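What follows is a set of notes on a single structure, which appears directly below.
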Amino acid sequence: MFINNFDPVAFQVFSIEVRWYSLAYIFGLIFGWIYCNKILINDQNKKKQFDDYIVYIILGIIIGGRLGYVFIYNPLYYLNNLTEIPMIWNGGMSFHGAVIGVIFATYIFSKKNNQNIFYYLDLVALTCPIGIFLGRIANFINSELYGRVTDVIWSVKFIQVDGLSRHPSQIYEAIFEGIVLFIILNLVYKNISKKNGLISSLFVIFYSIFRFFIEFTREPDSHIGLILFNMSLGQIISIIFFIAGIMLFQIKYVSKKQ
């Protein structure tokens with residue numbers, strides 16, 4: 001059993017607190033940018049365009065992630081507290097919302113530069129697991145998105161929550177949605193096919209599968225609980241994304257092989 005009593009603040013400069021979650025976003029973007037520029041992109045013009053694209057990604061993640069959380073997970077609260085919607089430093093970001101935000105941002109960027117949208121979405125998909133891994137580690141440090149009560153020997157007591165032995169669901173997600181997903185997507189890209197859209201579809205498919213099953217160990221949001229067929233909202237959204245991923249895979253890969 002592990003005792004989790006970490007301080008969510010990494011360090012403080014005068015009166016400014018720098019939190020682990022903020023660092024996860026920052027380093028996720030930095031490492032993703034380095035991986036794309038040094039490993040995935042060979043064309044110099046593409047590298048310059050990707051540098052411009054980073055701004056769109058940041059805006060898509062922040063706006064999409066925040067609005068996704070507001071409208072999907074807690075609409076009634078924010079309807080009565082509109083001034084709190086921009087306060088992302090208080091927590092509350094949706095991964096699925098961030099995905100939608102990045103898609104919209106990429107569509108705008110691709111149209112503006114007359115580029116194939118899936119070329120950029122594939123790059124994001126190949127590097128996104130890096131950010132997911134760091135983000136879930138930050139969730140673990142922050143004692144948030146914790147797991148359900150369990151007696152497994154690797155359980156964790158989150159002192160800042162309730163001191164009960166719980167699944168470290170954040171670590172499960174870091175491993176499968178981060179490390180495993182990164183390996184799968186990059187192996188496919190380097191050894192099987194680089195067709196535009198294939199990696200994007202596989203990202204949505206595998207992320208949805210991993211998220212769906214790990215949600216069985218994750219404590220549901222207290223204000224939502226379990227809903228349809230005793231599934232969490234995250235599982236229901238994962239099913240929708242999984243179906244969308246299968247449809248994209250059929251369109252971008254299977255149908256083009258026939």
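Identifiers for the structure tokens are assigned positionally: chains receive A, B, ... in sequence, residues are indexed from 1 per chain, and ligands are indexed from 1 in the order shown.
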Sel. of strand (DSSP E or B) residues, segment 111-224 of chain A, as an mmCIF file with C-alpha atoms, in the first residue's frame:
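The resulting file, result-v1.cif, is shown below:
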```
data_model
loop_
_atom_site.group_PDB
_atom_site.id
_atom_site.type_symbol
_atom_site.label_atom_id
_atom_site.label_comp_id
_atom_site.auth_asym_id
_atom_site.auth_seq_id
_atom_site.Cartn_x
_atom_site.Cartn_y
_atom_site.Cartn_z
ATOM 1 C CA GLY A 147 -9.976 5.175 -7.977
ATOM 2 C CA VAL A 149 -12.149 1.601 -2.809
ATOM 3 C CA VAL A 156 -3.168 3.832 -2.456
ATOM 4 C CA LYS A 157 -4.407 5.875 0.485
ATOM 5 C CA PHE A 158 -5.143 9.407 -0.651
ATOM 6 C CA SER A 165 -7.447 2.297 0.209
ATOM 7 C CA ARG A 166 -8.234 3.026 -3.429
ATOM 8 C CA ARG A 218 -12.191 4.993 -11.153
#
```
Any idea what's packed within 12 Å of Ile214 of chain A, counting only C-alpha atoms, ignoring anything in its chain fewer than 5 positions away? Could you give it as a list in words?
Leu145, Tyr146, Gly147, Arg148, His167, Pro168, Ser169, Gln170, Ile171, Tyr172, Glu173, Ala174, Ile175, Phe176, Glu177, Tyr207, Ser208, Ile209, Glu219, Pro220, Met231, Ser232, Gly234, Gln235 and Ser238 of chain A
Hey, can you spit out that residue selection with N, CA and C atoms as a tab-separated table (two decimals), in the first residue's frame?
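Below you can see again-v4.tsv, which holds the result:
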```
chain	number	residue	atom	x	y	z
A	145	LEU	N	-9.27	12.55	-9.50
A	145	LEU	CA	-9.62	11.46	-10.42
A	145	LEU	C	-9.14	10.12	-9.87
A	146	TYR	N	-9.26	9.96	-8.55
A	146	TYR	CA	-8.78	8.77	-7.87
A	146	TYR	C	-9.72	7.58	-8.10
A	147	GLY	N	-9.23	6.40	-7.72
A	147	GLY	CA	-9.98	5.17	-7.98
A	147	GLY	C	-10.97	4.82	-6.89
A	148	ARG	N	-11.67	3.73	-7.14
A	148	ARG	CA	-12.66	3.23	-6.18
A	148	ARG	C	-11.96	2.48	-5.06
A	167	HIS	N	-7.97	2.28	-5.71
A	167	HIS	CA	-7.21	2.00	-6.93
A	167	HIS	C	-6.46	3.27	-7.36
A	168	PRO	N	-5.20	3.14	-7.75
A	168	PRO	CA	-4.50	4.29	-8.33
A	168	PRO	C	-4.86	4.39	-9.82
A	169	SER	N	-6.11	4.72	-10.08
A	169	SER	CA	-6.62	4.71	-11.46
A	169	SER	C	-5.86	5.70	-12.35
A	170	GLN	N	-5.33	6.76	-11.75
A	170	GLN	CA	-4.54	7.71	-12.54
A	170	GLN	C	-3.29	7.03	-13.11
A	171	ILE	N	-2.68	6.14	-12.33
A	171	ILE	CA	-1.49	5.43	-12.79
A	171	ILE	C	-1.87	4.43	-13.87
A	172	TYR	N	-3.03	3.76	-13.72
A	172	TYR	CA	-3.49	2.85	-14.77
A	172	TYR	C	-3.62	3.60	-16.10
A	173	GLU	N	-4.22	4.80	-16.01
A	173	GLU	CA	-4.42	5.59	-17.22
A	173	GLU	C	-3.08	6.08	-17.79
A	174	ALA	N	-2.17	6.46	-16.91
A	174	ALA	CA	-0.85	6.91	-17.37
A	174	ALA	C	-0.14	5.80	-18.14
A	175	ILE	N	-0.28	4.57	-17.65
A	175	ILE	CA	0.38	3.43	-18.29
A	175	ILE	C	-0.27	3.09	-19.63
A	176	PHE	N	-1.59	2.91	-19.63
A	176	PHE	CA	-2.26	2.43	-20.84
A	176	PHE	C	-2.55	3.54	-21.84
A	177	GLU	N	-3.08	4.67	-21.38
A	177	GLU	CA	-3.41	5.78	-22.29
A	177	GLU	C	-2.17	6.59	-22.65
A	207	TYR	N	-7.71	4.63	-27.27
A	207	TYR	CA	-7.92	5.44	-26.08
A	207	TYR	C	-9.29	5.13	-25.47
A	208	SER	N	-10.30	5.03	-26.31
A	208	SER	CA	-11.66	4.75	-25.83
A	208	SER	C	-11.74	3.40	-25.14
A	209	ILE	N	-11.05	2.40	-25.69
A	209	ILE	CA	-11.04	1.06	-25.08
A	209	ILE	C	-10.38	1.11	-23.71
A	219	GLU	N	-13.32	6.22	-9.41
A	219	GLU	CA	-14.48	6.73	-8.66
A	219	GLU	C	-15.27	7.69	-9.55
A	220	PRO	N	-16.57	7.43	-9.72
A	220	PRO	CA	-17.38	8.33	-10.54
A	220	PRO	C	-17.46	9.73	-9.92
A	231	MET	N	-22.99	2.53	-15.85
A	231	MET	CA	-21.75	3.03	-16.42
A	231	MET	C	-21.57	4.49	-16.05
A	232	SER	N	-20.32	4.91	-16.01
A	232	SER	CA	-20.02	6.31	-15.72
A	232	SER	C	-20.21	7.14	-16.99
A	234	GLY	N	-18.01	9.00	-18.27
A	234	GLY	CA	-16.79	8.81	-19.06
A	234	GLY	C	-16.87	7.58	-19.94
A	235	GLN	N	-17.50	6.51	-19.45
A	235	GLN	CA	-17.64	5.29	-20.25
A	235	GLN	C	-18.61	5.49	-21.41
A	238	SER	N	-16.89	7.44	-23.98
A	238	SER	CA	-15.89	6.59	-24.61
A	238	SER	C	-16.52	5.68	-25.68
```
Please return as a ChimeraX atom specification: the residues of segment 131-214 of chain A that backbone DSSP assigns to alpha helix (DSSP H).
/A:131-141,169-173,181-191,198-214
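Distance check against Asp51 of chain A using only C-alpha atoms: of A:Trp20, A:Tyr120, A:Phe213, A:Phe27, the minimum falls on A:Tyr120.
Distances here use only C-alpha atoms; by that measure, the residue among A:Gly65, A:Val102, A:Lys48, A:Asn114 closest to Ile85 of chain A is A:Gly65.
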Would you pick out the contacts of Pro86 of chain A at 12 Å or less, using only C-alpha atoms, so that residues sharing its chain but fewer than 6 positions from it are not included, and give the list as a ChimeraX atom specification?
/A:62-67,69-70,78,92-93
For C-alpha atoms, I'd like the residues from the last selection saved as a CSV table (one decimal), in the first residue's frame.
```csv
chain,number,residue,atom,x,y,z
A,62,ILE,CA,-7.6,25.0,-23.2
A,63,ILE,CA,-10.9,26.2,-24.7
A,64,GLY,CA,-12.2,22.7,-25.7
A,65,GLY,CA,-11.1,21.1,-22.5
A,66,ARG,CA,-12.7,23.7,-20.3
A,67,LEU,CA,-16.0,24.0,-22.2
A,69,TYR,CA,-16.0,20.0,-18.6
A,70,VAL,CA,-18.5,22.9,-18.2
A,78,TYR,CA,-21.7,26.9,-14.2
A,92,GLY,CA,-12.0,21.2,-14.3
A,93,MET,CA,-10.8,20.1,-17.7
```
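Between atom CA of Lys46 of chain A and atom CA of Ile103 of chain A the separation is 18.7 Å.
Closest approach to Ser222 of chain A from the set A:Asn74, A:Ile117, A:Leu134, A:Ser201 is made by A:Asn74, with distances taken over only C-alpha atoms.
Across A:Asn80, A:Leu164, A:Val188, A:Leu198, the tightest approach to Ser255 of chain A is made by A:Leu198 when counting only C-alpha atoms.
Residue nearest Asn37 of chain A, chosen from A:Lys194, A:Leu202, A:Thr127, A:Phe104 and counting only C-alpha atoms: A:Thr127.
Computed from the coordinates, the atom CA of Ile237 of chain A to atom CA of Gln160 of chain A distance equals 28.5 Å.
Between Gly60 of chain A and the candidates A:Asn196, A:Asn81, A:Ser15, A:Thr106, the tightest atom-to-atom separation, counting only C-alpha atoms, involves A:Thr106.
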With a distance cut-off of 7 Å and only C-alpha atoms, select the neighbouring residues of Ser200 of chain A, excluding the residue or stretch itself and same-chain residues fewer than 4 positions from it, and output the selection as a compact mmCIF listing (two decimals) with N, CA and C atoms, in the first residue's frame.
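Saved file out-v6.txt follows:
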```
# COMPACT_ATOMS: atom_id res chain seq x y z
N LEU A 121 -3.67 16.13 -37.47
CA LEU A 121 -4.31 15.35 -36.41
C LEU A 121 -3.53 14.08 -36.10
N ASP A 122 -2.92 13.49 -37.13
CA ASP A 122 -2.10 12.30 -36.90
C ASP A 122 -0.87 12.63 -36.07
N ALA A 125 -2.02 12.94 -32.56
CA ALA A 125 -2.32 11.62 -32.01
C ALA A 125 -1.05 10.87 -31.62
N VAL A 204 -8.27 7.27 -31.35
CA VAL A 204 -9.61 7.35 -30.76
C VAL A 204 -10.09 5.96 -30.32
```
Just want the 12 Å neighbourhood of Lys112 of chain A, counted on only C-alpha atoms, with same-chain residues fewer than 4 positions away dropped. Output as a count of residues only.
10
